[in-house]
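Content type PDB, C-alpha atoms, pLDDT in the B column, from the file entry.pdb:
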```
MODEL        1
ATOM      1  CA  MET A   1      -6.810  -8.273 -18.085  1.00 58.00           C
ATOM      2  CA  THR A   2      -8.580  -5.374 -16.375  1.00 84.00           C
ATOM      3  CA  ARG A   3      -7.093  -1.882 -16.299  1.00 88.00           C
ATOM      4  CA  GLU A   4      -6.428  -2.359 -12.565  1.00 93.00           C
ATOM      5  CA  LEU A   5      -4.191  -5.342 -13.265  1.00 97.00           C
ATOM      6  CA  THR A   6      -2.487  -3.511 -16.125  1.00 97.00           C
ATOM      7  CA  VAL A   7      -1.628  -0.632 -13.807  1.00 97.00           C
ATOM      8  CA  LEU A   8      -0.461  -3.109 -11.151  1.00 98.00           C
ATOM      9  CA  ALA A   9       1.813  -4.821 -13.676  1.00 98.00           C
ATOM     10  CA  ASP A  10       3.341  -1.474 -14.678  1.00 98.00           C
ATOM     11  CA  GLN A  11       3.914  -0.390 -11.079  1.00 98.00           C
ATOM     12  CA  THR A  12       5.391  -3.792 -10.202  1.00 98.00           C
ATOM     13  CA  ASP A  13       7.837  -3.480 -13.098  1.00 98.00           C
ATOM     14  CA  ARG A  14       8.881  -0.061 -11.821  1.00 98.00           C
ATOM     15  CA  LEU A  15       9.333  -1.446  -8.311  1.00 98.00           C
ATOM     16  CA  LEU A  16      11.456  -4.310  -9.598  1.00 98.00           C
ATOM     17  CA  ALA A  17      13.665  -1.933 -11.577  1.00 98.00           C
ATOM     18  CA  THR A  18      14.392  -0.079  -8.351  1.00 98.00           C
ATOM     19  CA  ALA A  19      14.882  -3.286  -6.352  1.00 98.00           C
ATOM     20  CA  ARG A  20      17.337  -4.681  -8.892  1.00 97.00           C
ATOM     21  CA  GLY A  21      19.367  -1.489  -8.775  1.00 97.00           C
ATOM     22  CA  LEU A  22      19.765  -1.346  -5.002  1.00 97.00           C
ATOM     23  CA  THR A  23      23.306  -1.449  -3.699  1.00 94.00           C
ATOM     24  CA  ASP A  24      22.415  -1.034  -0.021  1.00 96.00           C
ATOM     25  CA  PRO A  25      19.419  -3.209   0.914  1.00 97.00           C
ATOM     26  CA  GLY A  26      20.403  -2.834   4.560  1.00 97.00           C
ATOM     27  CA  GLY A  27      19.977   0.938   4.399  1.00 97.00           C
ATOM     28  CA  PRO A  28      17.075   2.663   6.127  1.00 97.00           C
ATOM     29  CA  SER A  29      13.637   2.922   4.555  1.00 97.00           C
ATOM     30  CA  LEU A  30      10.859   5.397   5.254  1.00 95.00           C
ATOM     31  CA  CYS A  31       9.139   2.741   7.406  1.00 95.00           C
ATOM     32  CA  GLU A  32      10.208   3.290  10.994  1.00 91.00           C
ATOM     33  CA  GLY A  33      12.493   0.482  12.172  1.00 95.00           C
ATOM     34  CA  TRP A  34      12.651  -1.215   8.776  1.00 98.00           C
ATOM     35  CA  SER A  35      15.521  -1.426   6.324  1.00 98.00           C
ATOM     36  CA  ARG A  36      14.947  -1.615   2.584  1.00 98.00           C
ATOM     37  CA  GLY A  37      15.370  -5.370   2.962  1.00 98.00           C
ATOM     38  CA  HIS A  38      12.463  -5.445   5.393  1.00 98.00           C
ATOM     39  CA  VAL A  39      10.292  -3.543   2.913  1.00 98.00           C
ATOM     40  CA  LEU A  40      11.115  -5.852   0.006  1.00 98.00           C
ATOM     41  CA  THR A  41      10.613  -8.975   2.108  1.00 98.00           C
ATOM     42  CA  HIS A  42       7.259  -7.628   3.263  1.00 98.00           C
ATOM     43  CA  LEU A  43       6.240  -7.013  -0.345  1.00 98.00           C
ATOM     44  CA  ALA A  44       7.052 -10.608  -1.251  1.00 98.00           C
ATOM     45  CA  ARG A  45       5.171 -12.040   1.723  1.00 98.00           C
ATOM     46  CA  ASN A  46       2.265  -9.671   1.037  1.00 98.00           C
ATOM     47  CA  ALA A  47       1.967 -11.019  -2.518  1.00 98.00           C
ATOM     48  CA  GLU A  48       1.595 -14.498  -1.053  1.00 98.00           C
ATOM     49  CA  ALA A  49      -0.922 -13.204   1.493  1.00 98.00           C
ATOM     50  CA  ILE A  50      -3.084 -11.464  -1.124  1.00 98.00           C
ATOM     51  CA  GLY A  51      -2.862 -14.631  -3.203  1.00 98.00           C
ATOM     52  CA  ARG A  52      -4.277 -16.678  -0.333  1.00 98.00           C
ATOM     53  CA  LEU A  53      -7.210 -14.302  -0.016  1.00 98.00           C
ATOM     54  CA  ALA A  54      -7.828 -14.436  -3.766  1.00 98.00           C
ATOM     55  CA  SER A  55      -7.849 -18.245  -3.633  1.00 98.00           C
ATOM     56  CA  TRP A  56     -10.364 -18.124  -0.780  1.00 98.00           C
ATOM     57  CA  ALA A  57     -12.623 -15.895  -2.879  1.00 98.00           C
ATOM     58  CA  VAL A  58     -12.499 -18.264  -5.850  1.00 98.00           C
ATOM     59  CA  THR A  59     -12.722 -21.616  -4.052  1.00 98.00           C
ATOM     60  CA  GLY A  60     -14.729 -20.685  -0.977  1.00 97.00           C
ATOM     61  CA  GLN A  61     -12.136 -22.397   1.221  1.00 97.00           C
ATOM     62  CA  ARG A  62     -11.133 -19.964   3.949  1.00 97.00           C
ATOM     63  CA  GLU A  63      -7.429 -19.102   4.087  1.00 96.00           C
ATOM     64  CA  GLU A  64      -5.690 -16.874   6.604  1.00 95.00           C
ATOM     65  CA  MET A  65      -3.940 -13.895   5.122  1.00 96.00           C
ATOM     66  CA  TYR A  66      -0.897 -14.646   7.281  1.00 96.00           C
ATOM     67  CA  PRO A  67      -1.007 -18.167   8.756  1.00 93.00           C
ATOM     68  CA  GLY A  68       0.289 -18.062  12.300  1.00 90.00           C
ATOM     69  CA  GLY A  69      -0.825 -14.483  12.859  1.00 90.00           C
ATOM     70  CA  ALA A  70       1.100 -11.273  13.374  1.00 90.00           C
ATOM     71  CA  GLU A  71       4.048 -12.877  15.170  1.00 93.00           C
ATOM     72  CA  ALA A  72       4.694 -15.345  12.355  1.00 94.00           C
ATOM     73  CA  ARG A  73       4.343 -12.570   9.768  1.00 95.00           C
ATOM     74  CA  ASP A  74       6.828 -10.354  11.578  1.00 95.00           C
ATOM     75  CA  ALA A  75       9.243 -13.255  12.050  1.00 96.00           C
ATOM     76  CA  ASP A  76       9.144 -14.057   8.321  1.00 96.00           C
ATOM     77  CA  ILE A  77       9.909 -10.443   7.451  1.00 97.00           C
ATOM     78  CA  GLU A  78      12.758 -10.283   9.941  1.00 97.00           C
ATOM     79  CA  ALA A  79      14.204 -13.575   8.694  1.00 96.00           C
ATOM     80  CA  GLY A  80      14.326 -12.397   5.092  1.00 97.00           C
ATOM     81  CA  ALA A  81      15.359  -8.802   5.563  1.00 98.00           C
ATOM     82  CA  ARG A  82      19.132  -9.327   5.583  1.00 97.00           C
ATOM     83  CA  ARG A  83      19.409 -11.142   2.267  1.00 97.00           C
ATOM     84  CA  ALA A  84      21.473  -9.832  -0.626  1.00 97.00           C
ATOM     85  CA  ALA A  85      19.856  -7.360  -3.013  1.00 96.00           C
ATOM     86  CA  ASP A  86      19.618  -9.813  -5.919  1.00 97.00           C
ATOM     87  CA  GLU A  87      17.928 -12.447  -3.740  1.00 98.00           C
ATOM     88  CA  LEU A  88      15.438  -9.915  -2.412  1.00 98.00           C
ATOM     89  CA  ALA A  89      14.594  -8.773  -5.935  1.00 98.00           C
ATOM     90  CA  ARG A  90      14.124 -12.367  -7.144  1.00 98.00           C
ATOM     91  CA  ASP A  91      11.756 -13.049  -4.237  1.00 98.00           C
ATOM     92  CA  VAL A  92       9.648  -9.986  -5.030  1.00 98.00           C
ATOM     93  CA  ALA A  93       9.583 -10.843  -8.736  1.00 98.00           C
ATOM     94  CA  ALA A  94       8.649 -14.510  -8.255  1.00 98.00           C
ATOM     95  CA  THR A  95       5.882 -13.870  -5.747  1.00 98.00           C
ATOM     96  CA  ALA A  96       4.470 -11.030  -7.851  1.00 98.00           C
ATOM     97  CA  ALA A  97       4.376 -13.319 -10.900  1.00 98.00           C
ATOM     98  CA  ASP A  98       2.639 -16.069  -8.918  1.00 98.00           C
ATOM     99  CA  LEU A  99       0.002 -13.576  -7.777  1.00 98.00           C
ATOM    100  CA  VAL A 100      -1.045 -12.511 -11.288  1.00 98.00           C
ATOM    101  CA  PRO A 101      -3.202 -15.561 -12.217  1.00 98.00           C
ATOM    102  CA  ARG A 102      -4.799 -15.539  -8.757  1.00 98.00           C
ATOM    103  CA  LEU A 103      -5.906 -11.941  -9.238  1.00 98.00           C
ATOM    104  CA  GLU A 104      -7.025 -12.627 -12.804  1.00 98.00           C
ATOM    105  CA  ALA A 105      -9.260 -15.404 -11.458  1.00 97.00           C
ATOM    106  CA  LEU A 106     -11.205 -12.778  -9.498  1.00 97.00           C
ATOM    107  CA  GLU A 107     -12.713 -11.652 -12.794  1.00 95.00           C
ATOM    108  CA  GLY A 108     -14.663 -14.939 -12.941  1.00 95.00           C
ATOM    109  CA  PRO A 109     -17.298 -16.486 -10.639  1.00 96.00           C
ATOM    110  CA  LEU A 110     -16.578 -16.075  -6.931  1.00 97.00           C
ATOM    111  CA  ALA A 111     -17.481 -18.459  -4.135  1.00 98.00           C
ATOM    112  CA  ALA A 112     -16.860 -15.760  -1.503  1.00 98.00           C
ATOM    113  CA  GLU A 113     -17.691 -12.131  -2.202  1.00 97.00           C
ATOM    114  CA  GLU A 114     -15.792 -10.931   0.870  1.00 98.00           C
ATOM    115  CA  VAL A 115     -12.553 -12.024   2.509  1.00 98.00           C
ATOM    116  CA  GLU A 116     -10.929 -11.148   5.831  1.00 96.00           C
ATOM    117  CA  MET A 117      -7.782  -9.080   6.083  1.00 94.00           C
ATOM    118  CA  ARG A 118      -5.214  -9.209   8.847  1.00 89.00           C
ATOM    119  CA  GLY A 119      -6.875  -7.684  11.898  1.00 84.00           C
ATOM    120  CA  GLY A 120     -10.345  -8.942  10.990  1.00 87.00           C
ATOM    121  CA  MET A 121     -11.512  -6.279   8.545  1.00 89.00           C
ATOM    122  CA  ARG A 122     -13.613  -7.758   5.762  1.00 95.00           C
ATOM    123  CA  VAL A 123     -13.162  -6.407   2.242  1.00 96.00           C
ATOM    124  CA  PRO A 124     -14.735  -7.157  -1.155  1.00 97.00           C
ATOM    125  CA  ALA A 125     -12.721  -9.811  -2.935  1.00 98.00           C
ATOM    126  CA  THR A 126     -12.771  -7.745  -6.117  1.00 97.00           C
ATOM    127  CA  GLY A 127     -10.908  -5.013  -4.230  1.00 97.00           C
ATOM    128  CA  LEU A 128      -7.793  -7.162  -3.731  1.00 98.00           C
ATOM    129  CA  PRO A 129      -5.999  -5.910  -6.893  1.00 98.00           C
ATOM    130  CA  PHE A 130      -6.285  -2.338  -5.624  1.00 98.00           C
ATOM    131  CA  LEU A 131      -5.000  -3.328  -2.189  1.00 98.00           C
ATOM    132  CA  ARG A 132      -1.964  -4.953  -3.787  1.00 98.00           C
ATOM    133  CA  LEU A 133      -1.446  -1.932  -6.029  1.00 98.00           C
ATOM    134  CA  ARG A 134      -1.466   0.312  -2.975  1.00 98.00           C
ATOM    135  CA  GLU A 135       1.125  -1.875  -1.254  1.00 98.00           C
ATOM    136  CA  VAL A 136       3.395  -1.855  -4.300  1.00 98.00           C
ATOM    137  CA  VAL A 137       3.318   1.914  -4.814  1.00 98.00           C
ATOM    138  CA  TYR A 138       3.490   2.946  -1.156  1.00 98.00           C
ATOM    139  CA  HIS A 139       6.358   0.604  -0.372  1.00 98.00           C
ATOM    140  CA  HIS A 140       8.197   1.540  -3.563  1.00 98.00           C
ATOM    141  CA  VAL A 141       8.250   5.070  -2.156  1.00 98.00           C
ATOM    142  CA  ASP A 142       9.301   3.666   1.237  1.00 98.00           C
ATOM    143  CA  LEU A 143      12.489   2.267  -0.313  1.00 98.00           C
ATOM    144  CA  ASP A 144      13.678   5.885  -0.497  1.00 97.00           C
ATOM    145  CA  ALA A 145      15.678   5.008  -3.586  1.00 97.00           C
ATOM    146  CA  GLY A 146      14.655   7.629  -6.136  1.00 96.00           C
ATOM    147  CA  PHE A 147      10.945   6.879  -6.569  1.00 98.00           C
ATOM    148  CA  ALA A 148       8.433   9.244  -4.930  1.00 98.00           C
ATOM    149  CA  PHE A 149       4.713   9.892  -5.011  1.00 98.00           C
ATOM    150  CA  ASP A 150       5.245  12.673  -7.542  1.00 96.00           C
ATOM    151  CA  ASP A 151       6.420   9.971  -9.971  1.00 98.00           C
ATOM    152  CA  VAL A 152       2.920   8.444  -9.881  1.00 98.00           C
ATOM    153  CA  ASP A 153       0.243   9.286 -12.470  1.00 96.00           C
ATOM    154  CA  PRO A 154      -2.076  12.023 -11.105  1.00 96.00           C
ATOM    155  CA  ASP A 155      -5.231   9.945 -11.629  1.00 96.00           C
ATOM    156  CA  LEU A 156      -3.755   7.120  -9.572  1.00 97.00           C
ATOM    157  CA  LEU A 157      -2.572   9.575  -6.926  1.00 97.00           C
ATOM    158  CA  ARG A 158      -6.114  10.950  -6.736  1.00 98.00           C
ATOM    159  CA  ARG A 159      -7.477   7.450  -6.133  1.00 97.00           C
ATOM    160  CA  PHE A 160      -4.935   6.839  -3.397  1.00 98.00           C
ATOM    161  CA  VAL A 161      -5.720  10.153  -1.687  1.00 98.00           C
ATOM    162  CA  ALA A 162      -9.473   9.495  -1.851  1.00 98.00           C
ATOM    163  CA  ASP A 163      -8.886   6.038  -0.366  1.00 97.00           C
ATOM    164  CA  ALA A 164      -6.639   7.436   2.388  1.00 96.00           C
ATOM    165  CA  VAL A 165      -9.170  10.143   3.274  1.00 96.00           C
ATOM    166  CA  HIS A 166     -11.923   7.536   3.418  1.00 95.00           C
ATOM    167  CA  ARG A 167      -9.892   5.312   5.746  1.00 93.00           C
ATOM    168  CA  LEU A 168      -9.006   8.307   7.912  1.00 94.00           C
ATOM    169  CA  GLY A 169     -12.701   8.993   8.386  1.00 91.00           C
ATOM    170  CA  LEU A 170     -13.315   5.446   9.583  1.00 89.00           C
ATOM    171  CA  GLY A 171     -11.125   5.905  12.657  1.00 80.00           C
ATOM    172  CA  LYS A 172     -12.487   6.224  16.184  1.00 82.00           C
ATOM    173  CA  ARG A 173     -11.377   9.841  16.499  1.00 83.00           C
ATOM    174  CA  PRO A 174     -10.738  11.212  13.019  1.00 87.00           C
ATOM    175  CA  PRO A 175      -9.449  14.770  12.816  1.00 89.00           C
ATOM    176  CA  GLY A 176     -11.772  17.385  11.411  1.00 90.00           C
ATOM    177  CA  VAL A 177     -10.092  18.511   8.218  1.00 95.00           C
ATOM    178  CA  VAL A 178     -10.743  19.668   4.689  1.00 95.00           C
ATOM    179  CA  VAL A 179      -8.054  18.344   2.351  1.00 97.00           C
ATOM    180  CA  ARG A 180      -7.525  20.530  -0.723  1.00 97.00           C
ATOM    181  CA  SER A 181      -5.166  19.615  -3.527  1.00 97.00           C
ATOM    182  CA  ASP A 182      -3.404  22.213  -5.642  1.00 97.00           C
ATOM    183  CA  GLU A 183      -4.873  20.321  -8.599  1.00 97.00           C
ATOM    184  CA  GLY A 184      -8.393  21.363  -7.541  1.00 96.00           C
ATOM    185  CA  ASP A 185      -9.710  18.426  -5.514  1.00 97.00           C
ATOM    186  CA  ALA A 186     -11.326  18.630  -2.076  1.00 97.00           C
ATOM    187  CA  TRP A 187     -12.259  16.050   0.551  1.00 97.00           C
ATOM    188  CA  THR A 188     -13.766  16.547   4.017  1.00 96.00           C
ATOM    189  CA  VAL A 189     -13.241  14.476   7.163  1.00 94.00           C
ATOM    190  CA  GLY A 190     -15.377  15.076  10.234  1.00 91.00           C
ATOM    191  CA  ASP A 191     -16.342  18.681  10.879  1.00 90.00           C
ATOM    192  CA  GLY A 192     -13.730  20.072   8.510  1.00 89.00           C
ATOM    193  CA  SER A 193     -12.500  22.512  11.149  1.00 89.00           C
ATOM    194  CA  ALA A 194      -8.969  22.683   9.700  1.00 93.00           C
ATOM    195  CA  THR A 195      -7.839  22.962   6.101  1.00 96.00           C
ATOM    196  CA  VAL A 196      -4.700  21.329   4.720  1.00 97.00           C
ATOM    197  CA  ALA A 197      -3.528  22.015   1.175  1.00 98.00           C
ATOM    198  CA  GLY A 198      -0.766  20.865  -1.104  1.00 98.00           C
ATOM    199  CA  PRO A 199      -0.052  18.892  -4.260  1.00 98.00           C
ATOM    200  CA  LEU A 200      -1.616  15.457  -4.512  1.00 98.00           C
ATOM    201  CA  SER A 201       1.766  13.822  -4.009  1.00 98.00           C
ATOM    202  CA  GLY A 202       2.442  15.845  -0.866  1.00 98.00           C
ATOM    203  CA  ILE A 203      -1.016  15.206   0.523  1.00 98.00           C
ATOM    204  CA  LEU A 204      -0.562  11.486   0.056  1.00 98.00           C
ATOM    205  CA  LEU A 205       2.836  11.610   1.736  1.00 97.00           C
ATOM    206  CA  TRP A 206       1.150  13.286   4.710  1.00 96.00           C
ATOM    207  CA  LEU A 207      -1.833  10.945   4.835  1.00 96.00           C
ATOM    208  CA  ALA A 208       0.169   7.779   4.238  1.00 95.00           C
ATOM    209  CA  ARG A 209       3.352   8.541   6.177  1.00 94.00           C
ATOM    210  CA  ARG A 210       2.520  11.582   8.370  1.00 93.00           C
ATOM    211  CA  ASP A 211       5.181  13.636   6.580  1.00 95.00           C
ATOM    212  CA  THR A 212       4.080  17.285   6.592  1.00 95.00           C
ATOM    213  CA  SER A 213       6.968  18.630   4.509  1.00 95.00           C
ATOM    214  CA  GLN A 214       4.888  19.135   1.355  1.00 97.00           C
ATOM    215  CA  VAL A 215       1.573  20.329   2.790  1.00 97.00           C
ATOM    216  CA  ARG A 216       0.491  23.545   4.465  1.00 96.00           C
ATOM    217  CA  ALA A 217      -2.272  24.539   6.847  1.00 95.00           C
ATOM    218  CA  VAL A 218      -4.527  27.304   5.551  1.00 91.00           C
ATOM    219  CA  ASP A 219      -5.065  28.507   9.138  1.00 82.00           C
ATOM    220  CA  GLY A 220      -3.203  27.338  12.222  1.00 81.00           C
ATOM    221  CA  GLU A 221      -1.230  24.097  12.129  1.00 87.00           C
ATOM    222  CA  VAL A 222      -1.454  20.888  10.158  1.00 92.00           C
ATOM    223  CA  PRO A 223      -3.425  18.526  12.420  1.00 89.00           C
ATOM    224  CA  SER A 224      -1.770  15.402  13.760  1.00 88.00           C
ATOM    225  CA  LEU A 225      -2.935  12.151  12.242  1.00 88.00           C
ATOM    226  CA  PRO A 226      -3.691   9.102  14.373  1.00 81.00           C
ATOM    227  CA  ARG A 227      -1.165   6.291  14.056  1.00 71.00           C
ATOM    228  CA  GLY A 228      -2.326   3.791  11.465  1.00 58.00           C
ATOM    229  CA  ALA A 229      -4.223   6.410   9.459  1.00 54.00           C
TER     230      ALA A 229
ENDMDL
END
```

Represent the structure contained in this file as structure tokens.
Amino acid sequence: MTRELTVLADQTDRLLATARGLTDPGGPSLCEGWSRGHVLTHLARNAEAIGRLASWAVTGQREEMYPGGAEARDADIEAGARRAADELARDVAATAADLVPRLEALEGPLAAEEVEMRGGMRVPATGLPFLRLREVVYHHVDLDAGFAFDDVDPDLLRRFVADAVHRLGLGKRPPGVVVRSDEGDAWTVGDGSATVAGPLSGILLWLARRDTSQVRAVDGEVPSLPRGA
């Protein structure tokens, strides 16, 4: 098992510990309009979706990430969101376990080097474990149940911030900003006309969820991020 999958297994275990301890799955999450039940249902359906893409990569037989498109995906999440906490946790656990051998298979020969995400973006098949890891950690934080980005290993946080900065720069109108972490890292987007600083965990909270509570502008104001950044 690669280090990526080892880290994913550890973060999944931490997520499941939180999920199994929830007493209010209907309570609000950090995802606008979603309860904790929505978040957990999404995580389960996402495991299945990543698994389909991994199977495509191994077999060469194209599979849609979410058969039926966005409407079917949203309907599945809505349908499962109001289940009891123990049922939600079992769903997340079972689908995560089913995903493991599919991701392990990516370490062997691949029939398709790239696969297509929801929305049409093509990604390297070998990047799927990281995409799942990102989903698990981000949405664990979204449960707003005691786990935050500052509970994540700094090296993993740094990877997530670098990934988020990269994706921000791919947008049609990315803000010009230098992102400086208190730990000594720096990234530049666009012309770097503004500077935003803070701990890695706070920077990721800003980049991932547009929460400015743990970052500061060196001059002026923290720039607004485009939706979807």

Residues within 12 Å of Ala105 in chain A, all atoms listed in the file, excluding chain neighbours under 6 positions, as a PDB file with C-alpha atoms, keeping the file's coordinate frame:
```pdb
ATOM      1  CA  MET A   1      -6.810  -8.273 -18.085  1.00 58.00           C
ATOM      2  CA  THR A   2      -8.580  -5.374 -16.375  1.00 84.00           C
ATOM      3  CA  LEU A   5      -4.191  -5.342 -13.265  1.00 97.00           C
ATOM      4  CA  GLY A  51      -2.862 -14.631  -3.203  1.00 98.00           C
ATOM      5  CA  LEU A  53      -7.210 -14.302  -0.016  1.00 98.00           C
ATOM      6  CA  ALA A  54      -7.828 -14.436  -3.766  1.00 98.00           C
ATOM      7  CA  SER A  55      -7.849 -18.245  -3.633  1.00 98.00           C
ATOM      8  CA  TRP A  56     -10.364 -18.124  -0.780  1.00 98.00           C
ATOM      9  CA  ALA A  57     -12.623 -15.895  -2.879  1.00 98.00           C
ATOM     10  CA  VAL A  58     -12.499 -18.264  -5.850  1.00 98.00           C
ATOM     11  CA  THR A  59     -12.722 -21.616  -4.052  1.00 98.00           C
ATOM     12  CA  LEU A  99       0.002 -13.576  -7.777  1.00 98.00           C
ATOM     13  CA  ALA A 111     -17.481 -18.459  -4.135  1.00 98.00           C
ATOM     14  CA  ALA A 125     -12.721  -9.811  -2.935  1.00 98.00           C
ATOM     15  CA  THR A 126     -12.771  -7.745  -6.117  1.00 97.00           C
ATOM     16  CA  LEU A 128      -7.793  -7.162  -3.731  1.00 98.00           C
ATOM     17  CA  PRO A 129      -5.999  -5.910  -6.893  1.00 98.00           C
TER      18      PRO A 129
END
```

**Message:** Can you tell me which residues surround range 155-161 of chain A at a distance of at most 7 Å, considering only C-alpha atoms, apart from same-chain residues fewer than 4 positions away, and format the answer as JSON, numbers by chain?
**Reply:** {"A": [165, 200, 201, 204]}

Axis-aligned box over every listed atom of range 211-227 of chain A, padded by 5 Å per side: centre and edges in Å to one decimal, as JSON?
```
{"center_x": 1.0, "center_y": 17.4, "center_z": 7.9, "size_x": 22.0, "size_y": 32.2, "size_z": 23.0}
```

As a short mmCIF file (atom, residue, chain, number, x, y, z; two decimals) with C-alpha atoms, in the coordinates of the input, please: the residues near Gln11 in chain A (cut-off 9 Å, all atoms listed in the file, same-chain neighbours under 2 positions excluded).
```
data_model
loop_
_atom_site.label_atom_id
_atom_site.label_comp_id
_atom_site.auth_asym_id
_atom_site.auth_seq_id
_atom_site.Cartn_x
_atom_site.Cartn_y
_atom_site.Cartn_z
CA THR A 6 -2.49 -3.51 -16.12
CA VAL A 7 -1.63 -0.63 -13.81
CA LEU A 8 -0.46 -3.11 -11.15
CA ALA A 9 1.81 -4.82 -13.68
CA ASP A 13 7.84 -3.48 -13.10
CA ARG A 14 8.88 -0.06 -11.82
CA LEU A 15 9.33 -1.45 -8.31
CA LEU A 16 11.46 -4.31 -9.60
CA LEU A 133 -1.45 -1.93 -6.03
CA VAL A 136 3.40 -1.86 -4.30
CA VAL A 137 3.32 1.91 -4.81
CA HIS A 140 8.20 1.54 -3.56
CA VAL A 152 2.92 8.44 -9.88
#
```

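CA of Pro101 in chain A is found 27.8 Å from CA of Ala162 in chain A.
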
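Residue selection for this entry, given the PyMOL selection byres ((chain A and resi 62-73) around 7), comprises Ala49, Ile50, Arg52, Leu53, Trp56, Gly60, Gln61, Asp74, Ala75, Asp76, Ile77, Met117 and Arg118 of chain A.
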
Keeping only C-alpha atoms, write the selected residues to a file as a CSV table (one decimal), keeping the file's coordinate frame.
```
chain,number,residue,atom,x,y,z
A,49,ALA,CA,-0.9,-13.2,1.5
A,50,ILE,CA,-3.1,-11.5,-1.1
A,52,ARG,CA,-4.3,-16.7,-0.3
A,53,LEU,CA,-7.2,-14.3,0.0
A,56,TRP,CA,-10.4,-18.1,-0.8
A,60,GLY,CA,-14.7,-20.7,-1.0
A,61,GLN,CA,-12.1,-22.4,1.2
A,74,ASP,CA,6.8,-10.4,11.6
A,75,ALA,CA,9.2,-13.3,12.0
A,76,ASP,CA,9.1,-14.1,8.3
A,77,ILE,CA,9.9,-10.4,7.5
A,117,MET,CA,-7.8,-9.1,6.1
A,118,ARG,CA,-5.2,-9.2,8.8
```

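Counting from CA of Ser213 in chain A, the distance to CA of Thr41 in chain A is 27.9 Å.
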
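If only C-alpha atoms are the atoms counted, then among A:Ala194, A:Met121, A:Leu40, A:Ala17 the closest residue to Leu170 in chain A is A:Met121.
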
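Evaluated on this file, the PyMOL selection byres ((chain A and resi 172) around 12) matches Arg167, Leu168, Gly169, Leu170, Gly171, Arg173, Pro174, Pro175, Gly190, Leu225, Pro226, Arg227, Gly228 and Ala229 of chain A.
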
Residues as selected, C-alpha atoms, written as a compact mmCIF listing (two decimals), keeping the file's coordinate frame, can you do that?
```
# COMPACT_ATOMS: atom_id res chain seq x y z
CA ARG A 167 -9.89 5.31 5.75
CA LEU A 168 -9.01 8.31 7.91
CA GLY A 169 -12.70 8.99 8.39
CA LEU A 170 -13.32 5.45 9.58
CA GLY A 171 -11.12 5.90 12.66
CA ARG A 173 -11.38 9.84 16.50
CA PRO A 174 -10.74 11.21 13.02
CA PRO A 175 -9.45 14.77 12.82
CA GLY A 190 -15.38 15.08 10.23
CA LEU A 225 -2.94 12.15 12.24
CA PRO A 226 -3.69 9.10 14.37
CA ARG A 227 -1.16 6.29 14.06
CA GLY A 228 -2.33 3.79 11.46
CA ALA A 229 -4.22 6.41 9.46
```

**Item:** Contact residues around Arg180 in chain A with all atoms listed in the file at 9 Å, ignoring same-chain residues under 3 positions, as a ChimeraX atom specification
**Value:** /A:183-188,195-200,203

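Taking CA of Asp86 in chain A as the reference point, CA of Arg20 in chain A is found at 6.4 Å.
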
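When all atoms listed in the file are used to measure the gap to Arg36 in chain A, the shortest distance among A:Glu107, A:Glu78, A:Glu113, A:Asp24 belongs to A:Asp24.
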
**Message:** For Thr212 in chain A, find every residue with an atom within 8 Å (counting only C-alpha atoms), except residues of its own chain fewer than 4 positions away, and show them as a list of chain:residue names.
**Reply:** A:Gly202, A:Leu205, A:Trp206, A:Arg216, A:Val222

**Message:** For the provided coordinates, the residues matched by the PyMOL selection byres ((chain A and resi 88-96) around 9) should be stated as an NGL selection string.
**Reply:** :A and (9 or 12-13 or 16-17 or 19-20 or 25 or 37 or 40-48 or 80-87 or 97-100)
